[in-house]
file final_39.cif (mmCIF, C-alpha atoms and all ligand atoms)
data_run
loop_
_atom_site.label_atom_id
_atom_site.label_comp_id
_atom_site.auth_asym_id
_atom_site.auth_seq_id
_atom_site.Cartn_x
_atom_site.Cartn_y
_atom_site.Cartn_z
CA MET A 33 -15.65 -7.90 -22.51
CA LYS A 34 -16.50 -6.80 -18.97
CA ASP A 35 -16.70 -10.31 -17.52
CA GLN A 36 -13.25 -11.19 -18.87
CA LEU A 37 -11.34 -9.03 -16.40
CA PRO A 38 -9.71 -11.88 -14.42
CA GLU A 39 -8.65 -13.78 -17.55
CA TYR A 40 -7.29 -10.64 -19.17
CA VAL A 41 -5.46 -9.57 -16.04
CA ARG A 42 -3.85 -12.95 -15.41
CA LYS A 43 -2.42 -13.02 -18.93
CA GLN A 44 -0.52 -9.79 -18.24
CA PHE A 45 1.62 -11.31 -15.47
CA PRO A 46 4.54 -13.49 -16.61
CA ALA A 47 5.25 -14.47 -12.98
CA LEU A 48 2.00 -16.48 -12.91
CA LYS A 49 3.70 -19.10 -15.09
CA ARG A 50 5.86 -20.12 -12.13
CA GLU A 51 5.38 -23.56 -10.63
CA PHE A 52 6.56 -24.84 -7.29
CA ASN A 53 6.47 -28.45 -6.10
CA GLY A 54 4.40 -29.29 -9.16
CA HIS A 55 1.70 -26.69 -8.51
CA PRO A 56 1.15 -23.32 -10.19
CA VAL A 57 2.14 -20.63 -7.73
CA ALA A 58 -0.75 -18.70 -6.18
CA TYR A 59 0.67 -15.35 -5.16
CA LEU A 60 -1.48 -14.51 -2.17
CA ASP A 61 1.21 -12.20 -0.78
CA GLY A 62 -0.08 -8.99 -2.44
CA PRO A 63 0.09 -6.86 0.74
CA GLY A 64 3.81 -7.68 0.82
CA GLY A 65 4.20 -6.68 -2.82
CA TYR A 66 2.35 -7.24 -6.09
CA GLN A 67 3.52 -9.12 -9.13
CA VAL A 68 4.37 -6.97 -12.12
CA PRO A 69 2.62 -6.93 -15.52
CA GLU A 70 4.51 -7.30 -18.78
CA SER A 71 3.96 -3.61 -19.64
CA VAL A 72 5.89 -2.54 -16.54
CA ILE A 73 8.74 -4.93 -17.31
CA THR A 74 8.85 -3.61 -20.90
CA ALA A 75 8.92 0.00 -19.72
CA VAL A 76 11.81 -0.66 -17.32
CA ASN A 77 13.74 -2.55 -20.02
CA HIS A 78 13.08 0.17 -22.54
CA TYR A 79 14.40 2.80 -20.17
CA LEU A 80 17.53 0.82 -19.33
CA ILE A 81 18.27 0.00 -22.97
CA ASP A 82 17.32 3.24 -24.68
CA MET A 83 17.51 6.08 -22.19
CA ASN A 84 19.74 5.14 -19.30
CA ALA A 85 21.51 8.29 -18.10
CA ASN A 86 21.70 10.73 -15.25
CA VAL A 87 19.59 13.86 -15.43
CA GLY A 88 20.82 17.39 -15.90
CA ASP A 89 23.04 17.07 -18.93
CA GLN A 90 22.51 18.12 -22.52
CA PHE A 91 22.96 14.90 -24.48
CA GLU A 92 20.02 12.91 -25.81
CA THR A 93 19.60 10.18 -23.20
CA ALA A 94 20.01 12.62 -20.29
CA GLN A 95 17.34 14.84 -21.83
CA ASN A 96 15.10 11.81 -22.40
CA THR A 97 15.56 10.78 -18.78
CA SER A 98 14.48 14.24 -17.57
CA THR A 99 11.43 14.09 -19.83
CA ILE A 100 10.39 10.63 -18.77
CA ILE A 101 10.70 11.49 -15.07
CA GLN A 102 8.60 14.59 -15.63
CA ASP A 103 6.04 12.39 -17.42
CA ALA A 104 6.03 10.09 -14.41
CA ARG A 105 5.34 13.05 -12.12
CA ASP A 106 2.38 14.00 -14.34
CA ILE A 107 1.08 10.43 -14.16
CA PHE A 108 1.33 10.38 -10.36
CA ALA A 109 -0.32 13.80 -10.24
CA ASP A 110 -3.32 12.06 -11.86
CA PHE A 111 -2.97 9.14 -9.48
CA PHE A 112 -3.15 11.41 -6.41
CA ASN A 113 -5.20 14.26 -7.96
CA CYS A 114 -2.55 16.91 -7.33
CA SER A 115 0.02 19.00 -9.17
CA TRP A 116 3.28 17.41 -10.44
CA GLU A 117 5.14 19.73 -8.08
CA GLU A 118 3.60 17.77 -5.22
CA VAL A 119 4.93 14.37 -6.35
CA VAL A 120 8.11 13.29 -4.55
CA PHE A 121 9.99 10.12 -5.47
CA GLY A 122 12.13 8.17 -3.03
CA ALA A 123 13.61 4.81 -2.16
CA ASN A 124 10.53 3.48 -0.38
CA MET A 125 7.81 4.72 1.96
CA THR A 126 9.86 4.17 5.12
CA THR A 127 12.83 6.21 3.90
CA LEU A 128 10.56 9.02 2.67
CA ASN A 129 8.73 9.05 6.00
CA PHE A 130 11.98 9.23 7.98
CA ALA A 131 13.06 12.18 5.81
CA LEU A 132 9.67 13.81 6.36
CA ALA A 133 9.81 13.32 10.14
CA GLN A 134 13.32 14.75 10.25
CA ALA A 135 12.16 17.76 8.23
CA LEU A 136 9.02 18.31 10.29
CA VAL A 137 10.82 18.05 13.63
CA ARG A 138 12.76 21.18 12.72
CA GLN A 139 9.46 23.04 13.03
CA LEU A 140 8.56 21.49 16.37
CA THR A 141 9.66 22.38 19.85
CA PRO A 142 10.27 19.97 22.75
CA GLY A 143 6.98 19.18 24.42
CA ASP A 144 5.01 19.25 21.17
CA THR A 145 2.88 16.18 20.49
CA VAL A 146 2.80 13.84 17.50
CA LEU A 147 -0.11 11.37 17.30
CA ILE A 148 0.41 7.89 15.88
CA THR A 149 -1.86 4.83 16.01
CA GLU A 150 -1.81 1.22 17.14
CA LEU A 151 -3.24 0.17 13.79
CA ASP A 152 -0.29 1.45 11.80
CA HIS A 153 2.63 -0.31 10.15
CA GLU A 154 5.87 0.44 11.98
CA ALA A 155 6.95 2.62 9.03
CA ASN A 156 4.39 5.21 10.14
CA ARG A 157 5.26 4.85 13.82
CA GLY A 158 9.03 4.40 14.07
CA PRO A 159 10.01 7.67 12.32
CA TRP A 160 7.74 9.56 14.77
CA LEU A 161 8.66 7.54 17.85
CA GLN A 162 12.30 8.44 17.20
CA LEU A 163 11.41 12.09 17.69
CA MET A 164 11.06 11.35 21.39
CA ASP A 165 14.88 11.72 21.48
CA ARG A 166 14.29 15.34 20.51
CA GLY A 167 11.83 15.94 23.35
CA ILE A 168 8.70 15.33 21.29
CA ASP A 169 5.79 13.68 23.07
CA VAL A 170 4.42 10.82 20.96
CA ALA A 171 0.90 9.65 21.83
CA GLU A 172 -0.84 6.59 20.41
CA VAL A 173 -4.46 6.33 19.31
CA ALA A 174 -5.88 3.02 20.53
CA MET A 175 -7.28 0.34 18.30
CA ASP A 176 -10.53 -1.39 19.23
CA ILE A 177 -9.26 -4.96 19.41
CA ASP A 178 -12.65 -6.54 18.73
CA THR A 179 -13.14 -4.79 15.41
CA CYS A 180 -9.51 -3.89 14.50
CA THR A 181 -10.64 -0.31 13.87
CA LEU A 182 -9.34 2.95 15.25
CA ASP A 183 -11.00 4.01 18.48
CA MET A 184 -12.38 7.36 17.30
CA GLU A 185 -13.33 8.41 20.81
CA ASP A 186 -9.75 7.92 21.91
CA PHE A 187 -8.62 9.85 18.82
CA ARG A 188 -10.85 12.81 19.73
CA ASN A 189 -9.54 12.69 23.30
CA LYS A 190 -5.92 12.63 22.13
CA LEU A 191 -6.63 15.63 19.88
CA LEU A 192 -7.12 17.62 23.09
CA LYS A 193 -3.32 17.48 23.38
CA LYS A 194 -3.29 19.69 20.26
CA PRO A 195 -0.82 17.52 18.31
CA LYS A 196 1.33 19.18 15.67
CA VAL A 197 1.36 16.06 13.49
CA VAL A 198 -1.13 13.21 13.11
CA ALA A 199 0.25 10.10 11.37
CA VAL A 200 -2.40 7.55 10.38
CA ASN A 201 -2.75 4.79 7.84
CA TYR A 202 -5.45 4.77 5.20
CA ALA A 203 -5.73 0.99 5.41
CA SER A 204 -4.11 -1.60 7.64
CA ASN A 205 -1.70 -4.00 5.95
CA GLY A 206 -2.21 -6.34 8.90
CA VAL A 207 -5.97 -6.88 8.83
CA GLY A 208 -7.30 -4.80 5.92
CA THR A 209 -9.27 -2.17 7.89
CA ILE A 210 -9.88 1.02 5.92
CA SER A 211 -10.04 4.05 8.21
CA ASP A 212 -12.08 7.19 7.68
CA VAL A 213 -9.02 9.30 6.89
CA GLN A 214 -11.06 12.17 5.50
CA LYS A 215 -12.68 12.64 8.92
CA ILE A 216 -9.34 12.09 10.68
CA ILE A 217 -7.68 14.76 8.53
CA GLN A 218 -10.55 17.19 9.07
CA LEU A 219 -10.39 16.74 12.87
CA SER A 220 -6.58 17.00 12.81
CA HIS A 221 -6.74 20.26 10.87
CA GLU A 222 -9.25 21.66 13.35
CA VAL A 223 -6.54 21.49 16.03
CA GLY A 224 -3.86 22.77 13.63
CA ALA A 225 -2.08 19.44 13.05
CA ILE A 226 -0.36 18.36 9.85
CA ALA A 227 -1.85 15.08 8.60
CA VAL A 228 0.52 12.40 7.30
CA ILE A 229 -1.30 9.50 5.65
CA ASP A 230 0.27 6.12 5.02
CA ALA A 231 -1.56 4.91 1.91
CA VAL A 232 0.86 2.06 1.15
CA HIS A 233 -1.69 -0.68 1.71
CA PHE A 234 -4.69 1.30 0.51
CA ALA A 235 -3.22 2.43 -2.82
CA ALA A 236 -3.76 -0.95 -4.49
CA HIS A 237 -7.37 -1.15 -3.36
CA GLY A 238 -9.02 2.18 -4.07
CA SER A 239 -8.46 5.52 -5.71
CA ILE A 240 -6.81 8.32 -3.76
CA ASP A 241 -7.96 11.91 -3.94
CA VAL A 242 -5.61 14.08 -1.89
CA LYS A 243 -7.62 17.21 -2.71
CA LYS A 244 -10.83 15.72 -1.37
CA LEU A 245 -9.03 14.30 1.64
CA ASP A 246 -7.10 17.53 2.14
CA ALA A 247 -4.07 15.45 3.19
CA ASP A 248 -0.82 17.29 3.85
CA PHE A 249 1.41 14.32 3.09
CA LEU A 250 0.42 10.93 1.74
CA LEU A 251 2.85 8.13 1.10
CA CYS A 252 2.73 4.95 -0.93
CA SER A 253 5.01 2.40 -2.56
CA ALA A 254 4.74 1.42 -6.21
CA TYR A 255 5.67 -2.20 -5.55
CA LYS A 256 2.35 -2.61 -3.74
CA PHE A 257 0.44 -1.80 -6.91
CA PHE A 258 2.14 -3.55 -9.85
CA GLY A 259 5.30 -1.42 -9.93
CA PRO A 260 8.96 -1.70 -9.00
CA HIS A 261 10.36 -1.11 -5.53
CA ILE A 262 10.19 2.65 -5.08
CA GLY A 263 8.29 5.01 -2.79
CA VAL A 264 6.14 7.96 -3.87
CA MET A 265 4.91 10.77 -1.68
CA TYR A 266 2.29 13.42 -2.22
CA ALA A 267 3.41 16.58 -0.43
CA LYS A 268 1.04 19.56 -0.33
CA LYS A 269 3.01 22.35 -1.95
CA GLU A 270 2.28 25.07 0.59
CA VAL A 271 3.21 22.77 3.49
CA LEU A 272 6.31 21.31 1.85
CA SER A 273 7.57 24.79 0.92
CA GLN A 274 7.67 25.66 4.62
CA LEU A 275 9.92 22.70 5.48
CA ALA A 276 13.68 22.58 5.60
CA PRO A 277 14.43 18.94 4.70
CA LEU A 278 17.93 17.54 4.94
CA ASN A 279 19.48 18.11 1.54
CA LEU A 280 22.52 19.42 -0.32
CA ARG A 281 23.24 23.00 -1.41
CA THR A 282 23.57 21.65 -4.96
CA GLN A 283 19.96 20.57 -4.85
CA SER A 284 16.94 22.57 -5.93
CA GLN A 285 15.23 24.03 -2.87
CA SER A 286 11.78 24.06 -4.42
CA PRO A 287 9.03 21.42 -4.33
CA PRO A 288 9.19 18.56 -5.11
CA TYR A 289 12.98 18.36 -5.64
CA MET A 290 13.84 19.66 -2.16
CA MET A 291 12.85 16.27 -0.67
CA GLU A 292 14.68 14.18 -3.27
CA THR A 293 18.28 13.57 -2.25
CA GLY A 294 20.80 12.05 -4.65
CA THR A 295 20.10 10.31 -7.92
CA LEU A 296 16.61 8.94 -8.18
CA HIS A 297 15.75 5.35 -9.10
CA HIS A 298 15.01 6.25 -12.74
CA GLU A 299 14.04 2.81 -13.98
CA GLY A 300 11.90 2.32 -10.88
CA ILE A 301 10.10 5.60 -11.52
CA VAL A 302 9.51 4.68 -15.15
CA GLY A 303 8.13 1.30 -14.03
CA ALA A 304 5.95 2.94 -11.39
CA ALA A 305 4.45 5.24 -14.00
CA ALA A 306 3.82 2.22 -16.24
CA ALA A 307 2.06 0.54 -13.29
CA VAL A 308 -0.34 3.48 -13.02
CA GLU A 309 -0.87 3.34 -16.79
CA PHE A 310 -1.64 -0.36 -16.43
CA ILE A 311 -4.40 0.54 -13.94
CA ALA A 312 -5.70 3.28 -16.27
CA ASN A 313 -5.76 0.81 -19.12
CA ILE A 314 -7.86 -1.58 -17.03
CA GLY A 315 -10.23 1.32 -16.37
CA LEU A 316 -10.52 2.01 -20.08
CA LYS A 317 -11.09 -1.65 -20.94
CA PHE A 318 -13.22 -2.86 -18.03
CA GLY A 319 -14.48 0.15 -16.08
CA THR A 320 -18.27 -0.16 -16.06
CA ASP A 321 -18.67 3.41 -14.80
CA LEU A 322 -16.86 4.72 -17.89
CA ASP A 323 -19.83 3.64 -19.99
CA GLU A 324 -21.88 6.44 -18.53
CA GLN A 325 -19.22 9.09 -18.91
CA SER A 326 -18.68 11.51 -21.74
CA GLU A 327 -16.02 10.93 -24.40
CA ASP A 328 -14.03 13.70 -22.78
CA LEU A 329 -13.83 11.90 -19.49
CA LYS A 330 -13.03 8.62 -21.18
CA SER A 331 -9.84 10.16 -22.48
CA ASN A 332 -8.98 11.57 -19.07
CA ARG A 333 -6.26 9.52 -17.37
CA ARG A 334 -7.45 10.20 -13.83
CA THR A 335 -10.94 9.01 -14.69
CA GLN A 336 -9.44 5.86 -16.14
CA ILE A 337 -7.31 5.27 -13.04
CA ILE A 338 -10.36 5.62 -10.79
CA SER A 339 -12.30 3.24 -13.03
CA GLY A 340 -9.49 0.70 -13.13
CA LEU A 341 -9.15 0.67 -9.35
CA ARG A 342 -12.92 0.35 -8.99
CA ALA A 343 -12.97 -2.62 -11.37
CA PHE A 344 -10.20 -4.26 -9.32
CA GLU A 345 -11.96 -3.48 -6.06
CA ASN A 346 -15.26 -4.99 -7.22
CA TYR A 347 -13.49 -8.13 -8.33
CA GLU A 348 -11.39 -8.43 -5.17
CA MET A 349 -14.34 -7.84 -2.87
CA GLY A 350 -16.25 -10.74 -4.41
CA LEU A 351 -13.30 -13.04 -3.72
CA THR A 352 -12.83 -11.61 -0.23
CA GLU A 353 -16.41 -12.36 0.75
CA TYR A 354 -16.04 -15.83 -0.69
CA LEU A 355 -12.84 -16.45 1.30
CA ILE A 356 -14.16 -15.16 4.62
CA GLU A 357 -17.32 -17.20 4.24
CA ALA A 358 -15.41 -20.33 3.17
CA ILE A 359 -13.11 -20.08 6.19
CA ALA A 360 -16.06 -19.59 8.54
CA SER A 361 -17.95 -22.58 7.19
CA ASN A 362 -15.12 -25.02 6.57
CA ILE A 363 -12.26 -24.39 8.95
CA SER A 364 -13.42 -24.51 12.54
CA LYS A 365 -9.89 -24.06 13.87
CA ALA A 366 -9.39 -20.75 12.06
CA VAL A 367 -10.22 -17.34 13.51
CA VAL A 368 -10.34 -14.37 11.14
CA TYR A 369 -9.23 -11.01 12.55
CA GLY A 370 -10.39 -7.76 11.02
CA PRO A 371 -13.25 -5.31 10.69
CA ALA A 372 -16.85 -6.42 11.13
CA PRO A 373 -18.90 -7.13 7.98
CA GLY A 374 -19.97 -3.87 6.36
CA HIS A 375 -17.00 -1.84 7.57
CA PRO A 376 -14.78 -0.58 4.74
CA ARG A 377 -11.95 -3.04 4.18
CA THR A 378 -9.42 -4.24 1.64
CA SER A 379 -9.06 -7.77 0.30
CA THR A 380 -6.49 -8.65 2.97
CA VAL A 381 -7.72 -11.45 5.24
CA SER A 382 -5.73 -12.45 8.32
CA LEU A 383 -6.29 -15.43 10.55
CA THR A 384 -4.94 -17.73 13.21
CA TYR A 385 -5.22 -21.50 13.13
CA GLU A 386 -5.58 -23.26 16.46
CA GLY A 387 -2.66 -25.49 17.37
CA TYR A 388 -0.24 -24.08 14.82
CA THR A 389 1.81 -20.90 14.53
CA ALA A 390 1.37 -18.53 11.59
CA ASP A 391 4.87 -19.41 10.49
CA GLN A 392 4.05 -23.13 10.40
CA ILE A 393 0.88 -22.49 8.40
CA ALA A 394 2.68 -20.18 5.96
CA LYS A 395 5.43 -22.78 5.43
CA TYR A 396 2.87 -25.53 4.93
CA LEU A 397 0.90 -23.48 2.42
CA GLY A 398 4.08 -22.27 0.72
CA ASN A 399 5.08 -25.89 0.23
CA ARG A 400 1.85 -26.29 -1.75
CA ALA A 401 2.70 -23.20 -3.81
CA LEU A 402 0.21 -21.06 -1.92
CA PHE A 403 2.37 -18.06 -1.08
CA VAL A 404 1.05 -16.28 2.01
CA TRP A 405 2.76 -14.44 4.84
CA GLY A 406 2.88 -15.44 8.48
CA GLY A 407 3.94 -13.16 11.33
CA HIS A 408 3.38 -9.47 12.09
CA PHE A 409 4.20 -7.91 8.69
CA TYR A 410 5.70 -4.91 10.54
CA ALA A 411 2.21 -4.08 11.86
CA ILE A 412 3.81 -5.25 15.07
CA ARG A 413 1.84 -3.03 17.46
CA LEU A 414 -1.46 -4.28 16.05
CA VAL A 415 -0.40 -7.91 16.41
CA GLU A 416 0.86 -7.17 19.92
CA ARG A 417 -2.46 -5.54 20.89
CA LEU A 418 -4.33 -8.57 19.56
CA GLY A 419 -2.26 -10.62 22.01
CA LEU A 420 -0.72 -12.60 19.17
CA LEU A 421 2.88 -11.44 19.14
CA ASP A 422 4.09 -14.16 21.53
CA ARG A 423 1.99 -16.70 19.66
CA GLY A 424 3.58 -16.12 16.26
CA GLY A 425 1.19 -13.55 14.81
CA LEU A 426 -1.23 -13.93 11.94
CA VAL A 427 -1.47 -15.77 8.63
CA ARG A 428 -2.16 -13.12 5.99
CA VAL A 429 -3.91 -13.89 2.72
CA GLY A 430 -3.82 -10.99 0.28
CA ILE A 431 -6.13 -11.09 -2.72
CA ALA A 432 -4.87 -9.22 -5.77
CA PRO A 433 -6.61 -8.73 -9.12
CA TYR A 434 -4.52 -11.55 -10.64
CA ASN A 435 -5.78 -14.06 -8.05
CA ASN A 436 -8.84 -16.18 -8.72
CA GLU A 437 -11.37 -18.39 -7.01
CA ALA A 438 -9.56 -21.58 -8.01
CA GLU A 439 -6.55 -20.45 -5.97
CA LEU A 440 -8.75 -19.75 -2.96
CA VAL A 441 -10.36 -23.18 -3.31
CA ARG A 442 -6.85 -24.69 -3.19
CA LEU A 443 -6.14 -22.62 -0.09
CA ILE A 444 -9.29 -23.77 1.69
CA GLU A 445 -8.64 -27.40 0.75
CA ALA A 446 -5.11 -27.16 2.10
CA LEU A 447 -6.33 -25.65 5.38
CA GLN A 448 -8.99 -28.37 5.67
CA ASP A 449 -6.41 -31.10 5.24
CA GLU A 450 -5.34 -31.34 8.87
CA ASP A 451 -3.55 -34.65 8.44
CA ALA A 452 -1.30 -33.19 5.78
CA LEU A 453 -0.73 -30.10 7.91
CA GLN A 454 0.25 -32.14 10.96
CA LYS A 455 2.51 -34.37 8.91
CA PHE A 456 4.20 -31.40 7.28
CA VAL A 457 4.78 -29.62 10.58
CA THR A 458 6.53 -32.68 12.04
CA THR A 459 9.07 -32.40 9.21
CA LEU A 460 10.00 -28.86 10.30
CA SER A 461 12.95 -28.77 12.62
C1 LIG A 501 0.82 -0.10 5.38
C2 LIG A 501 2.28 -0.05 5.07
N1 LIG A 501 2.96 1.04 5.38
C3 LIG A 501 4.28 1.15 5.12
C4 LIG A 501 4.98 0.12 4.55
C5 LIG A 501 6.44 0.30 4.28
O1 LIG A 501 6.62 0.52 2.93
P1 LIG A 501 8.05 0.48 2.27
O2 LIG A 501 8.46 -0.95 2.18
O3 LIG A 501 7.88 1.12 0.94
O4 LIG A 501 8.98 1.24 3.14
C6 LIG A 501 4.31 -1.06 4.23
C7 LIG A 501 5.04 -2.21 3.67
O5 LIG A 501 4.65 -3.34 3.83
C8 LIG A 501 2.92 -1.15 4.49
O6 LIG A 501 2.23 -2.24 4.17
#
call {"tool": "encode", "arguments": {"input": "final_39.cif", "output": "structure tokens"}}
result
Amino acid sequence: MKDQLPEYVRKQFPALKREFNGHPVAYLDGPGGYQVPESVITAVNHYLIDMNANVGDQFETAQNTSTIIQDARDIFADFFNCSWEEVVFGANMTTLNFALAQALVRQLTPGDTVLITELDHEANRGPWLQLMDRGIDVAEVAMDIDTCTLDMEDFRNKLLKKPKVVAVNYASNGVGTISDVQKIIQLSHEVGAIAVIDAVHFAAHGSIDVKKLDADFLLCSAYKFFGPHIGVMYAKKEVLSQLAPLNLRTQSQSPPYMMETGTLHHEGIVGAAAAVEFIANIGLKFGTDLDEQSEDLKSNRRTQIISGLRAFENYEMGLTEYLIEAIASNISKAVVYGPAPGHPRTSTVSLTYEGYTADQIAKYLGNRALFVWGGHFYAIRLVERLGLLDRGGLVRVGIAPYNNEAELVRLIEALQDEDALQKFVTTLS
């Protein structure tokens, strides 16, 4: 059973049946958004057919909607390891983070500092940079450009400014670096800062434990881990309760509802919960560590989620090593950017290819049904610091649990075929 994980997983994704230009599509664009398993599609359909209603009324479907959203909060409480009152739903991570920044700024005074990083996606930079209009000083932690990791010495130095907020990503969607957020949060708390963690890229690649991390806010997006396009935020209850977010007088002023403006994306929330259940189900079926655990733990959803993510991570890491090694030995014109071997990372591998822009490579690969991204992926500061912004950025290959070695072999063969690449590029206007 255990060695059948890739076969089992692939069967769950109807999108994998797609063909393009006569080839099966290899979705290597996971960091941009994952494909969705059948169980998520069924859950969304079921909601829209059988329960579709607004919340807050007495009739059956409205009551069912309230129940199913509460169930989703419980599921995400297991996902984050928190209470359901700390689970906030929203349109996407960026919108939630803007709302959070606008709420937090009400507690700040001009001259206060917010720390952001060069490694972060713009969604965890822009909302804070905008606070400069309100007199807030925004300082940036440098990235070490050789290793694409945060410069921890610079971070410690910037902490001397006694920032009120530290906004850092858990993992980089640009190059896959996983940062030591537990340490970062601990150091931030020592100077009295609130820690805001962008876990959008990380969430698909490892389990999150907000209690262990002691994060104040942690944001992710369900569409990056098998779900529909919604954002989910963990908000520490005692910190959220102190905030005055922008909201309506008709809205509940208690956590988590105080951060949720307007009608929520019900079907998205239902699908997001089904995505977490999909992960838990993988844990139950394939988690090797569950073998050693008691029956009690086996029936515990959080344990299953952790196991499922670990099973995915083990599988993805094998493919990641294979890909990095295959690029190094077969494609002399490619340069891989990212953390040094041994540093914690995700299965996101980014590269440049001498003589061609990332956009040209992505179009060429896309034409062969190898769907990868080229550009800056909104990690624009990182790409700029690598000196690649004017040169078209990076080609990003994201390995998801539904990808397999055969797809990576196709990728390597395509990159090796320089004649075909050159010919294709001449057809681009
Ligand atoms: C690391 C990271 N942070 C934030 C975001 C923004 O997420 P959303 O699209 O949900 O606003 C992304 C999306 O690509 C991301 O990869």
call {"tool": "atom_distance", "arguments": {"input": "final_39.cif", "atom1": "CA of Glu118 in chain A", "atom2": "CA of Ala247 in chain A"}}
result
11.6 Å
call {"tool": "atom_distance", "arguments": {"input": "final_39.cif", "atom1": "CA of Asn124 in chain A", "atom2": "CA of Met265 in chain A"}}
result
9.3 Å
call {"tool": "residues_near_ligand", "arguments": {"input": "final_39.cif", "ligand": "ligand LIG 501 (chain A)", "cutoff": "8 Å", "atoms": "all atoms listed in the file", "output": "JSON, numbers by chain"}}
result
{"A": [63, 64, 65, 123, 124, 125, 126, 127, 128, 152, 153, 154, 155, 156, 201, 202, 203, 204, 205, 206, 230, 231, 232, 233, 234, 252, 253, 254, 255, 256, 261, 262, 263, 409, 410, 411]}
call {"tool": "closest_residue", "arguments": {"input": "final_39.cif", "among": "A:Gln325, A:Asn332, A:Thr181, A:Gln448", "to": "Val207 in chain A", "atoms": "all atoms listed in the file"}}
result
A:Thr181
call {"tool": "residues_around", "arguments": {"input": "final_39.cif", "residues": "range 167-180 of chain A", "least_positions_apart": "3", "cutoff": "10 Å", "atoms": "all atoms listed in the file", "output": "ChimeraX atom specification"}}
result
/A:137,140-152,157,160-164,183-191,193,195,197-200,204,206-210,369-373,375,413-415,417-419
call {"tool": "residues_around", "arguments": {"input": "final_39.cif", "residues": "range 424-428 of chain A", "least_positions_apart": "2", "cutoff": "9 Å", "atoms": "only C-alpha atoms", "output": "number ranges by chain"}}
result
A: 60-61, 63, 206-207, 369, 380-385, 388-391, 393-394, 404-409, 412, 415-416, 418-422, 430
call {"tool": "atom_distance", "arguments": {"input": "final_39.cif", "atom1": "CA of Asn362 in chain A", "atom2": "CA of Asp451 in chain A"}}
result
15.2 Å
call {"tool": "residues_around", "arguments": {"input": "final_39.cif", "residues": "Ile431 in chain A", "least_positions_apart": "2", "cutoff": "9 Å", "atoms": "all atoms listed in the file", "output": "PyMOL selection string"}}
result
chain A and resi 59-63+348-349+351-352+378-381+429+433-436
call {"tool": "residues_near_point", "arguments": {"input": "final_39.cif", "point": "(-10.5, 2.0, -14.1)", "cutoff": "9 Å", "atoms": "all atoms listed in the file", "output": "MDAnalysis selection string"}}
result
chainID A and resid 311:322 334:344
call {"tool": "closest_residue", "arguments": {"input": "final_39.cif", "among": "A:Arg105, A:Arg50, A:His78, A:Lys194", "to": "Val308 in chain A", "atoms": "only C-alpha atoms"}}
result
A:Arg105
call {"tool": "closest_residue", "arguments": {"input": "final_39.cif", "among": "A:Ser331, A:Ser273, A:Gln392, A:Ile81", "to": "Arg423 in chain A", "atoms": "only C-alpha atoms"}}
result
A:Gln392
